[in-house]
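**Student:** Handing you a structure now.
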Amino acid sequence: MPKLTVNGKGVEVPAGTNLIEAARTVGVEVPHYCYHPGLSIAGQCRLCMVDIEKTPRPSIACNTVAADGMVVQTETERVRETRKSMMEFHLINHPLDCPVCDQAGECWLQIYYMKHGLYDPRMKDEKVHKPKAVPLGPHVILDAERCILCSRCVRFCDEITHTGELGIFERGDHSEIGLFPGRELDNKYSANVVDICPVGALTDRDFRFQVRVWYLDTAKSICPGCARGCNIEVHVNRRRPHHAEGRRVARLKPRFNAEVNKWWLCDAGRYGFGFVDAAERLLMPARRQGGTSTEATWDEAIAAVAGALRRLTPDQMGIIASPKMSNEDLFALRRLIDLCGVRHVAGQVPPRVPGDEDDFLIRADKNPNSRGAELLGLGGDARTVIEAAGRRRLKLLWIFGHDLLASALPEPDVLEALRVVDTVVFTGSNANWTSAHSHWVLPAAAWVEREGTYTSFEGRVQRFRQAIEPLGQSLAEWEIVTRILAPLGEAPSATRAEHWFRQLAASVPAFAGLSYQLIGDSGRPLAEAART
Amino acid sequence: MLIDLGIAFGRVAFVMLFVLNVAALLGWVERKQSAIMQDRIGANRASIFGFRVLGLFHPLADTLKMLTKEDFRPARADRLLFDLAPAVSVFFALVAFASIPFGDTLRVAGRVVPLQAVTLNVGVLYVLAMLSLGVYGVMMAGWSSANNYALLGGQRAAALMISAEIAIGASIMGVVMIHGSLNLMDIVRGQGYLLWGWVPAWGIITQPLAFILFVTAGIAATKRIPFDMPEGESEIIGYFVEYSGMKFGMFLMTDMVETIVLAGLSTSLFLGGWQIPYLFAEGFHFPWGAGIALPPLLVTLLQVSAFVGKVAAVIFVLMLIRWTLPRFRYDQAMRLGWLGLFPLAIANIVLTGLVLAAWGNR
Amino acid sequence: MSPMNLRQRFYLVEVLTGLWLTAAHFFRNMGRHTARAFGRKGTSGAVTIQYPEERRPYSPRLRSLHRLVRREDGSPRCVACMMCETVCPAHCIYIVADEHPNPEIEKVPRRFDIDLGKCVFCGYCVEACPEDAIRMDTGILEFSSYSRGGMIYSKDMLLSFEPADASGRPRSPIPLPADRRA
């Protein structure tokens, strides 16, 4: 393990660490464009120059491996002058169109210019013009003029997705990023090039011109798109509702987690938030009688459902939970099932089309919390419950989130079951065919509107935070269940999701020892997963 | 009988129309006079068919506005007193003018008619009594509004009125002593004599101190600036803070009518009333012996005009004071009333008594 | 403040002095008014300006109703960068961006509303604009409305205004709502 000093601070790093990472361990940021810890080293931008003792000229920190006894200086006069000169080079042909550029506000050219550049431009000639606003694929749009040719995107497509759509063409200051002929940037992780692009060359087509980035608030969250549980940041626009056509969730960004998704996020997960602000959101509790749906109050809805639960025998009640619900929701529901002795319980509804899978991030199971549901005994197949309903044994069927009519379950069976059961209750965030056939609809808050934890397929419990207020009168599922538990004799003790998690950790061995504080931002493996 | 009734009606009608019209006009006078004093132009926008007539339509527009505005009553107000207060206020102000003579006598259908609405041998006391009763309207308004500021305004009005009335009463005593009568007609007639053969014996000549005291206390009695603590519009808004529409208008009118009454009373007591120097029933008799004979009707007409002119002049001075002086603080007003006006008025009575005693002995 | 002397404390003399001053103003002005009424030219009896008919000249720096500057083809110069919307302390600017067919311009406002009911006329939007696309030089000051909605000025209205003339008078019609036009 080499020992070196960075700006006078001694540090010991693993062998093979480069100087940017070594400096980072002591809190020194070395400015850079082309270097990315997840990609190979290119040494293109020449911005990460540092002074190394006994070296005649400044060297690039990204391609210099830390060695024993190295003395590194990142803030000498010579280094600063070099950075300034490199910034001038990068900006020679860069257009001054920050006002229209979507990257403005999170652009490393802007940031480093303000920090290290601040020179008067000496460029007198006409700047080189390149293609602007060129769509590269379904999600990414290119402005070649703004590109500083760091080649991060090229390396990403070569090394991470191994698809190799992008390359650098032409020579000298006419060099530009582009697609190989006949190709399109349409791999399943294409939008990651937007994240790694340090400037405004590659921007998001979905997010384009919707909201300025400085209007956004962020919340740490977990992608609910599949069982992987990629760590994400939810960017929401709460302050300027006239932007993005009123969409509150503006975009999702991957959040670094070395154990799960590193820096990356698949496109399906990244653009899977549309349901949150969709027109189909359920806003009010509703009751359907004789084909017409009328709005109801929460008190009415809860009294009706609790009344049915109290009146019926265990064999007459069926509940289909969802692996899209959080651990807290499922545990609260488990408590209700045990209290009422509900006999017909399931959680998994097989999808009509099996999910795709790859060997990188995407999992075939498109539910974020299947593992949690299994651990709580709510992972059973819904087929049994539907069959019980079809045999007219059920008087109450409570469905969470699933659209049974869009699943692999045989449609006639489902329709028959929904027809013969006296009271069908649907709890979910968005309307679907199943909710349209339900007698009671209880609106649930979307995952960004509430707190909770998911358990990934690897057995990692991860927290997601609330980013926005629940739409309409919708409530988190755990809160709905808590309210229904009250008239059943279970005094409501939970006012936050965390209260349910404490009980969960106390009573389910797999979750033993876990707490919100321990889980933190990066998650914790389950007790049993940790043992293995 | 019918003729008597008609004459009585005519006398009252003349006074009422005079007072009411002048009161309405005073709103315009107040705006225009203050504007001209302050190098402005003043209200001039109200127009009928494009004619503005120096803003004379503004009182009309104001009246229409007040009549059509919402008549608001606070939820916890005392309904009866709240509705009654402005009427009480304006009623006593209007009737106070009744015994002020606006001319000598007129011969109509063989009857000698004194030119005043009501002939009373205690006319001075009557006017004072009516002015004092007017404060009940203000106090009722302050009490019934269920508003602390209104109540403060009403109490201030009562306190101010008492301190002013005492000074008024005491200052008038001198005049009454000289003329030996409480009948205003007698007092005005008494001022028709000439001192030393050429100086009219007006109250302002014989009782200069009483005149100043009377006008000062009289302004206080009208509760207008500089004695407007009951309103105090920059601090408590006053007794009419809860009033709107025409009820509020009636309070404004009360102030105007009281100004006219004050002007009429000071004219009668100190400025010779309807008297014109050297004009007697048959015509002018100048001290140097010359004379002009005039028909009795013209003499009467001249006298009435003189009265109106004098009232107008006094109103001008009152307005001038109102737009020149700042408001007294409450304690200053009280001190002025009790420690300034009242002792001076008593001194004036003593002095007048001594002079009269000396004069009468000679 | 020096203590008042006897004459001042006696008050009556001071009162009469004050009355003399105001009365002098009254009679001087009255004389001037009368003289002018009879056709004599001379000093006016009033120093006030009769506002809607007479106006003082406006300062060229006056911040009046906003306008959106046009390109030569009549389209807005604005590129919907939201700098003004961001800097606006009253949050009275509402911009929604759209794609411009010309990639050199790239961005254009689909909606550009100013809620003058909220605007505080600080002029920050003009300062912040990188394209000189918004100015407050119309000279228009009278734009009251009987409704809140009437105070919201759309992109098309803001584009239609012309700058004030050299004396600061508005060249565009004053955008009174239909129910208030004389």
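Order determines the names: the first chain of the structure tokens is A, the second B, and so forth; residues in each chain are numbered 1 upward, and ligands are numbered 1 upward as they are shown.
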Find the residues around Leu133 in chain B up to 10 Å (only C-alpha atoms counted), leave out those fewer than 3 positions away in its own chain, and share them as a list in words.
**Tutor:**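 The filter keeps Val88, Ser89, Phe91, Phe92, Ala93, Ala96, Val127, Leu128, Ala129, Met130, Tyr136, Gly137, Val138 and Met161 of chain B.
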**Student:** Taking 3 positions as the minimum chain separation for residues in the same chain, which residues sit within 12 Å of Val15 in chain C when counting only C-alpha atoms? Answer as a ChimeraX atom specification.
**Tutor:** /B:216,226,320-326 /C:7-12,18-23
**Student:** Just the residues within 9 Å of Met157 in chain C, please, counting only C-alpha atoms, with nothing from its chain fewer than 6 positions along; format it as a list in words.
**Tutor:**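 Surrounding residues, per the criterion: Arg67, Leu68 and Pro175 of chain C.
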**Student:** Emit the selected residues as an mmCIF file, in the first residue's frame, including N, CA and C atoms.
**Tutor:**
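Below is the file result03.cif, written as the result:
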```cif
data_model
loop_
_atom_site.group_PDB
_atom_site.id
_atom_site.type_symbol
_atom_site.label_atom_id
_atom_site.label_comp_id
_atom_site.auth_asym_id
_atom_site.auth_seq_id
_atom_site.Cartn_x
_atom_site.Cartn_y
_atom_site.Cartn_z
ATOM 1 N N ARG C 67 -42.298 44.959 -22.334
ATOM 2 C CA ARG C 67 -42.604 44.483 -23.675
ATOM 3 C C ARG C 67 -41.563 43.462 -24.049
ATOM 4 N N LEU C 68 -41.924 42.582 -24.983
ATOM 5 C CA LEU C 68 -40.985 41.609 -25.510
ATOM 6 C C LEU C 68 -40.439 42.145 -26.822
ATOM 7 N N PRO C 175 -53.372 49.296 -22.917
ATOM 8 C CA PRO C 175 -54.165 48.064 -22.990
ATOM 9 C C PRO C 175 -55.249 47.993 -21.942
#
```
**Student:** Could you list, as a list in words, the residues of chain C having an atom within 6 Å of chain B when counting only C-alpha atoms?
**Tutor:**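 Residues satisfying the distance criterion: Thr22, His25, Phe26, Ala46, Val47 and Thr48 of chain C.
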**Student:** Using only C-alpha atoms, pick whichever of A:Cys48, A:His243, A:Leu136, A:Glu126 has the shortest atom-to-atom distance to chain C.
**Tutor:** A:His243
**Student:** Can you tell me which residues surround Pro323 in chain A at a distance of at most 9 Å, considering only C-alpha atoms, apart from same-chain residues fewer than 5 positions away, and format the answer as a list in words?
**Tutor:**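 The contact residues come out as Leu330, Gly347, Gln348, Asn367, Pro368, Asn369, Ser370, Arg371, Gly372, Ala373, Glu374, Leu378 and Gly379 of chain A.
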**Student:** Those residues you just picked out, can you put them in a file as a PDB file, in the first residue's frame with N, CA and C atoms?
**Tutor:**
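As written to disk, out07.pdb reads:
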```pdb
ATOM      1  N   LEU A 330     -46.383  -4.032   3.562  1.00  0.00           N
ATOM      2  CA  LEU A 330     -46.647  -5.467   3.611  1.00  0.00           C
ATOM      3  C   LEU A 330     -46.743  -5.947   5.052  1.00  0.00           C
ATOM      4  N   GLY A 347     -49.556 -12.796  -3.335  1.00  0.00           N
ATOM      5  CA  GLY A 347     -48.814 -11.574  -3.617  1.00  0.00           C
ATOM      6  C   GLY A 347     -48.381 -11.475  -5.056  1.00  0.00           C
ATOM      7  N   GLN A 348     -47.966 -12.560  -5.648  1.00  0.00           N
ATOM      8  CA  GLN A 348     -47.438 -12.517  -7.012  1.00  0.00           C
ATOM      9  C   GLN A 348     -48.558 -12.725  -8.025  1.00  0.00           C
ATOM     10  N   ASN A 367     -40.777  -6.243 -10.112  1.00  0.00           N
ATOM     11  CA  ASN A 367     -41.278  -5.721  -8.843  1.00  0.00           C
ATOM     12  C   ASN A 367     -40.109  -5.398  -7.923  1.00  0.00           C
ATOM     13  N   PRO A 368     -40.170  -4.275  -7.240  1.00  0.00           N
ATOM     14  CA  PRO A 368     -39.022  -3.875  -6.422  1.00  0.00           C
ATOM     15  C   PRO A 368     -38.924  -4.624  -5.105  1.00  0.00           C
ATOM     16  N   ASN A 369     -39.984  -5.307  -4.686  1.00  0.00           N
ATOM     17  CA  ASN A 369     -39.971  -5.825  -3.311  1.00  0.00           C
ATOM     18  C   ASN A 369     -40.468  -7.275  -3.247  1.00  0.00           C
ATOM     19  N   SER A 370     -40.193  -8.059  -4.284  1.00  0.00           N
ATOM     20  CA  SER A 370     -40.642  -9.456  -4.251  1.00  0.00           C
ATOM     21  C   SER A 370     -40.036 -10.196  -3.076  1.00  0.00           C
ATOM     22  N   ARG A 371     -38.768  -9.928  -2.803  1.00  0.00           N
ATOM     23  CA  ARG A 371     -38.090 -10.618  -1.722  1.00  0.00           C
ATOM     24  C   ARG A 371     -38.745 -10.287  -0.378  1.00  0.00           C
ATOM     25  N   GLY A 372     -39.069  -9.012  -0.190  1.00  0.00           N
ATOM     26  CA  GLY A 372     -39.732  -8.607   1.043  1.00  0.00           C
ATOM     27  C   GLY A 372     -41.081  -9.287   1.195  1.00  0.00           C
ATOM     28  N   ALA A 373     -41.839  -9.371   0.084  1.00  0.00           N
ATOM     29  CA  ALA A 373     -43.148 -10.015   0.135  1.00  0.00           C
ATOM     30  C   ALA A 373     -43.015 -11.484   0.495  1.00  0.00           C
ATOM     31  N   GLU A 374     -42.003 -12.133  -0.093  1.00  0.00           N
ATOM     32  CA  GLU A 374     -41.784 -13.553   0.239  1.00  0.00           C
ATOM     33  C   GLU A 374     -41.490 -13.716   1.720  1.00  0.00           C
ATOM     34  N   LEU A 378     -46.140 -13.184   1.790  1.00  0.00           N
ATOM     35  CA  LEU A 378     -47.114 -12.618   0.867  1.00  0.00           C
ATOM     36  C   LEU A 378     -46.634 -12.795  -0.575  1.00  0.00           C
ATOM     37  N   GLY A 379     -45.880 -13.840  -0.806  1.00  0.00           N
ATOM     38  CA  GLY A 379     -45.336 -14.044  -2.143  1.00  0.00           C
ATOM     39  C   GLY A 379     -46.059 -15.108  -2.940  1.00  0.00           C
TER      40      GLY A 379
END
```
**Student:** Using only C-alpha atoms, determine which residues lie at most 9 Å from range 74-86 of chain B, disregarding the query and same-chain residues fewer than 3 positions distant; provide the list as a ChimeraX atom specification.
**Tutor:** /B:89-91,136-147,242-243,247-251,254
**Student:** Put those residues in a file: N, CA and C atoms, as an mmCIF file, in the first residue's frame.
**Tutor:**
```cif
data_model
loop_
_atom_site.group_PDB
_atom_site.id
_atom_site.type_symbol
_atom_site.label_atom_id
_atom_site.label_comp_id
_atom_site.auth_asym_id
_atom_site.auth_seq_id
_atom_site.Cartn_x
_atom_site.Cartn_y
_atom_site.Cartn_z
ATOM 1 N N SER B 89 -77.975 63.807 16.150
ATOM 2 C CA SER B 89 -76.898 64.761 15.934
ATOM 3 C C SER B 89 -77.343 65.877 14.996
ATOM 4 N N VAL B 90 -77.856 65.485 13.846
ATOM 5 C CA VAL B 90 -78.162 66.479 12.832
ATOM 6 C C VAL B 90 -79.419 67.271 13.215
ATOM 7 N N PHE B 91 -80.333 66.637 13.931
ATOM 8 C CA PHE B 91 -81.575 67.324 14.315
ATOM 9 C C PHE B 91 -81.276 68.523 15.214
ATOM 10 N N TYR B 136 -75.168 64.477 22.416
ATOM 11 C CA TYR B 136 -75.743 63.158 22.725
ATOM 12 C C TYR B 136 -75.696 62.239 21.516
ATOM 13 N N GLY B 137 -75.932 62.826 20.347
ATOM 14 C CA GLY B 137 -75.838 62.012 19.136
ATOM 15 C C GLY B 137 -74.462 61.390 19.001
ATOM 16 N N VAL B 138 -73.459 62.209 19.261
ATOM 17 C CA VAL B 138 -72.087 61.726 19.130
ATOM 18 C C VAL B 138 -71.804 60.646 20.155
ATOM 19 N N MET B 139 -72.260 60.885 21.393
ATOM 20 C CA MET B 139 -72.004 59.889 22.434
ATOM 21 C C MET B 139 -72.749 58.588 22.140
ATOM 22 N N MET B 140 -73.970 58.711 21.625
ATOM 23 C CA MET B 140 -74.727 57.509 21.270
ATOM 24 C C MET B 140 -73.992 56.729 20.185
ATOM 25 N N ALA B 141 -73.476 57.459 19.204
ATOM 26 C CA ALA B 141 -72.743 56.788 18.131
ATOM 27 C C ALA B 141 -71.535 56.060 18.693
ATOM 28 N N GLY B 142 -70.798 56.741 19.565
ATOM 29 C CA GLY B 142 -69.599 56.121 20.126
ATOM 30 C C GLY B 142 -69.935 54.915 20.968
ATOM 31 N N TRP B 143 -71.014 55.000 21.713
ATOM 32 C CA TRP B 143 -71.380 53.896 22.606
ATOM 33 C C TRP B 143 -71.923 52.705 21.825
ATOM 34 N N SER B 144 -72.814 52.990 20.861
ATOM 35 C CA SER B 144 -73.554 51.899 20.227
ATOM 36 C C SER B 144 -72.745 51.163 19.171
ATOM 37 N N SER B 145 -71.589 51.708 18.770
ATOM 38 C CA SER B 145 -70.844 51.081 17.675
ATOM 39 C C SER B 145 -70.156 49.791 18.083
ATOM 40 N N ALA B 146 -70.087 49.525 19.382
ATOM 41 C CA ALA B 146 -69.375 48.339 19.861
ATOM 42 C C ALA B 146 -67.940 48.332 19.347
ATOM 43 N N ASN B 147 -67.339 49.516 19.434
ATOM 44 C CA ASN B 147 -65.978 49.663 18.929
ATOM 45 C C ASN B 147 -65.227 50.553 19.908
ATOM 46 N N GLU B 242 -67.563 53.351 12.605
ATOM 47 C CA GLU B 242 -68.333 52.232 12.078
ATOM 48 C C GLU B 242 -69.442 52.684 11.125
ATOM 49 N N TYR B 243 -69.544 53.988 10.905
ATOM 50 C CA TYR B 243 -70.660 54.468 10.084
ATOM 51 C C TYR B 243 -70.282 54.552 8.621
ATOM 52 N N LYS B 247 -75.627 57.725 6.763
ATOM 53 C CA LYS B 247 -75.526 57.973 8.206
ATOM 54 C C LYS B 247 -74.223 58.697 8.511
ATOM 55 N N PHE B 248 -73.174 58.256 7.833
ATOM 56 C CA PHE B 248 -71.905 58.959 7.972
ATOM 57 C C PHE B 248 -72.051 60.381 7.424
ATOM 58 N N GLY B 249 -72.784 60.492 6.317
ATOM 59 C CA GLY B 249 -73.013 61.803 5.712
ATOM 60 C C GLY B 249 -73.721 62.741 6.670
ATOM 61 N N MET B 250 -74.619 62.184 7.481
ATOM 62 C CA MET B 250 -75.341 63.036 8.430
ATOM 63 C C MET B 250 -74.404 63.591 9.492
ATOM 64 N N PHE B 251 -73.418 62.808 9.889
ATOM 65 C CA PHE B 251 -72.432 63.338 10.843
ATOM 66 C C PHE B 251 -71.629 64.463 10.209
ATOM 67 N N THR B 254 -73.776 67.437 10.177
ATOM 68 C CA THR B 254 -73.865 68.033 11.504
ATOM 69 C C THR B 254 -72.744 69.037 11.710
#
```
**Student:** Would you pick out the contacts of range 217-229 of chain A at 6 Å or less, using only C-alpha atoms, so that residues sharing its chain but fewer than 5 positions from it are not included, and give the list as a PDB file with C-alpha atoms, in the first residue's frame?
**Tutor:**
```pdb
ATOM      1  CA  VAL A 234     -35.736  11.831  -7.745  1.00  0.00           C
ATOM      2  CA  HIS A 235     -35.690  15.336  -9.161  1.00  0.00           C
ATOM      3  CA  VAL A 236     -38.986  17.095  -8.579  1.00  0.00           C
ATOM      4  CA  GLY A 269     -36.179   2.535 -14.911  1.00  0.00           C
ATOM      5  CA  ARG A 363     -33.973  -8.157 -13.812  1.00  0.00           C
ATOM      6  CA  ASP A 365     -38.902  -9.612 -12.007  1.00  0.00           C
ATOM      7  CA  LYS A 366     -40.290  -6.135 -12.501  1.00  0.00           C
ATOM      8  CA  ASN A 367     -41.278  -5.721  -8.843  1.00  0.00           C
ATOM      9  CA  PRO A 368     -39.022  -3.875  -6.422  1.00  0.00           C
ATOM     10  CA  SER A 456     -33.886  -6.192  -3.515  1.00  0.00           C
ATOM     11  CA  PHE A 457     -33.538  -9.673  -5.007  1.00  0.00           C
ATOM     12  CA  PHE A 464     -36.668   5.598  -0.431  1.00  0.00           C
ATOM     13  CA  ARG A 465     -37.681   9.060   0.752  1.00  0.00           C
ATOM     14  CA  ALA A 467     -40.037  13.826  -2.636  1.00  0.00           C
TER      15      ALA A 467
END
```
**Student:** Could you write out, as a PyMOL selection string, all the residues of range 77-323 of chain B that DSSP marks as helix (DSSP H, G or I)?
**Tutor:** chain B and resi 79-99+123-144+148-179+184-190+203-206+208-221+245-270+296-322
**Student:** Can you tell me how far CA of Asp104 in chain B sits from CA of Gly192 in chain B, in Å to one decimal?
**Tutor:**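 The value is 11.0 Å.
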**Student:** Residues near Tyr58 in chain C, anyone? I mean within 8 Å using only C-alpha atoms, not counting same-chain ones fewer than 5 positions away, as an NGL selection string.
**Tutor:** :C and (139 or 167-169)
**Student:** Go ahead and write the selection's residues with N, CA and C atoms as an mmCIF file, in the first residue's frame.
**Tutor:**
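See out31.cif below for the written result:
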```cif
data_model
loop_
_atom_site.group_PDB
_atom_site.id
_atom_site.type_symbol
_atom_site.label_atom_id
_atom_site.label_comp_id
_atom_site.auth_asym_id
_atom_site.auth_seq_id
_atom_site.Cartn_x
_atom_site.Cartn_y
_atom_site.Cartn_z
ATOM 1 N N GLY C 139 -43.447 53.118 -21.652
ATOM 2 C CA GLY C 139 -44.046 54.356 -21.159
ATOM 3 C C GLY C 139 -45.471 54.179 -20.690
ATOM 4 N N SER C 167 -40.207 61.649 -25.926
ATOM 5 C CA SER C 167 -40.646 62.370 -24.736
ATOM 6 C C SER C 167 -41.173 61.434 -23.665
ATOM 7 N N GLY C 168 -41.113 60.127 -23.914
ATOM 8 C CA GLY C 168 -41.561 59.179 -22.920
ATOM 9 C C GLY C 168 -43.023 58.830 -23.019
ATOM 10 N N ARG C 169 -43.726 59.388 -24.032
ATOM 11 C CA ARG C 169 -45.148 59.048 -24.183
ATOM 12 C C ARG C 169 -45.284 57.674 -24.824
#
```
**Student:** Using only C-alpha atoms and a cut-off of 8 Å, which residues of chain A sit close to chain C? Please list them as a PDB file with C-alpha atoms, in the first residue's frame.
**Tutor:**
```
ATOM      1  CA  PRO A  99     -29.111  30.371 -21.551  1.00  0.00           C
ATOM      2  CA  VAL A 100     -30.681  27.881 -23.952  1.00  0.00           C
ATOM      3  CA  LYS A 132     -26.870  21.141 -33.308  1.00  0.00           C
ATOM      4  CA  ALA A 133     -29.956  19.461 -31.862  1.00  0.00           C
ATOM      5  CA  PHE A 209     -36.695  22.326 -22.142  1.00  0.00           C
ATOM      6  CA  GLN A 210     -39.073  21.092 -19.457  1.00  0.00           C
ATOM      7  CA  ARG A 212     -34.466  24.570 -15.536  1.00  0.00           C
ATOM      8  CA  HIS A 242     -46.411  25.760 -14.832  1.00  0.00           C
ATOM      9  CA  HIS A 243     -43.306  23.951 -16.083  1.00  0.00           C
ATOM     10  CA  ALA A 244     -43.169  20.480 -17.599  1.00  0.00           C
TER      11      ALA A 244
END
```
**Student:** What's the separation between CA of Tyr153 in chain C and CA of Thr138 in chain C, in Å to one decimal place?
**Tutor:**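 Separating CA of Tyr153 in chain C from CA of Thr138 in chain C is a distance of 13.8 Å.
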**Student:** Expressed in Å to a single decimal, how great is the separation between CA of Arg80 in chain A and CA of Val194 in chain A?
**Tutor:** 28.5 Å
**Student:** Nearest residue to Arg205 in chain A out of A:Ala431, A:Val140, A:Ala191, A:Ile52, using only C-alpha atoms?
**Tutor:** A:Val140
**Student:** When DSSP works through the backbone of this structure, what residues of range 125-295 of chain B end up as strand (DSSP E or B), shown as an MDAnalysis selection string?
**Tutor:** chainID B and resid 194:195 199:200 279:280 283:285 291:293
**Student:** Next, write the just-selected residues to a file, as an mmCIF file, in the first residue's frame, keeping C-alpha atoms as the atom set.
**Tutor:**
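Generated file (out32.cif):
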```cif
data_model
loop_
_atom_site.group_PDB
_atom_site.id
_atom_site.type_symbol
_atom_site.label_atom_id
_atom_site.label_comp_id
_atom_site.auth_asym_id
_atom_site.auth_seq_id
_atom_site.Cartn_x
_atom_site.Cartn_y
_atom_site.Cartn_z
ATOM 1 C CA LEU B 194 -73.829 104.225 17.968
ATOM 2 C CA LEU B 195 -71.131 104.844 20.564
ATOM 3 C CA VAL B 199 -69.044 103.820 16.281
ATOM 4 C CA PRO B 200 -71.589 100.982 15.939
ATOM 5 C CA LEU B 279 -78.963 102.117 8.327
ATOM 6 C CA PHE B 280 -82.201 102.682 10.178
ATOM 7 C CA GLY B 283 -82.857 104.734 5.433
ATOM 8 C CA PHE B 284 -79.232 105.745 6.013
ATOM 9 C CA HIS B 285 -78.371 108.445 8.558
ATOM 10 C CA GLY B 291 -78.989 110.603 4.762
ATOM 11 C CA ILE B 292 -80.630 108.473 2.121
ATOM 12 C CA ALA B 293 -84.274 107.547 2.436
#
```
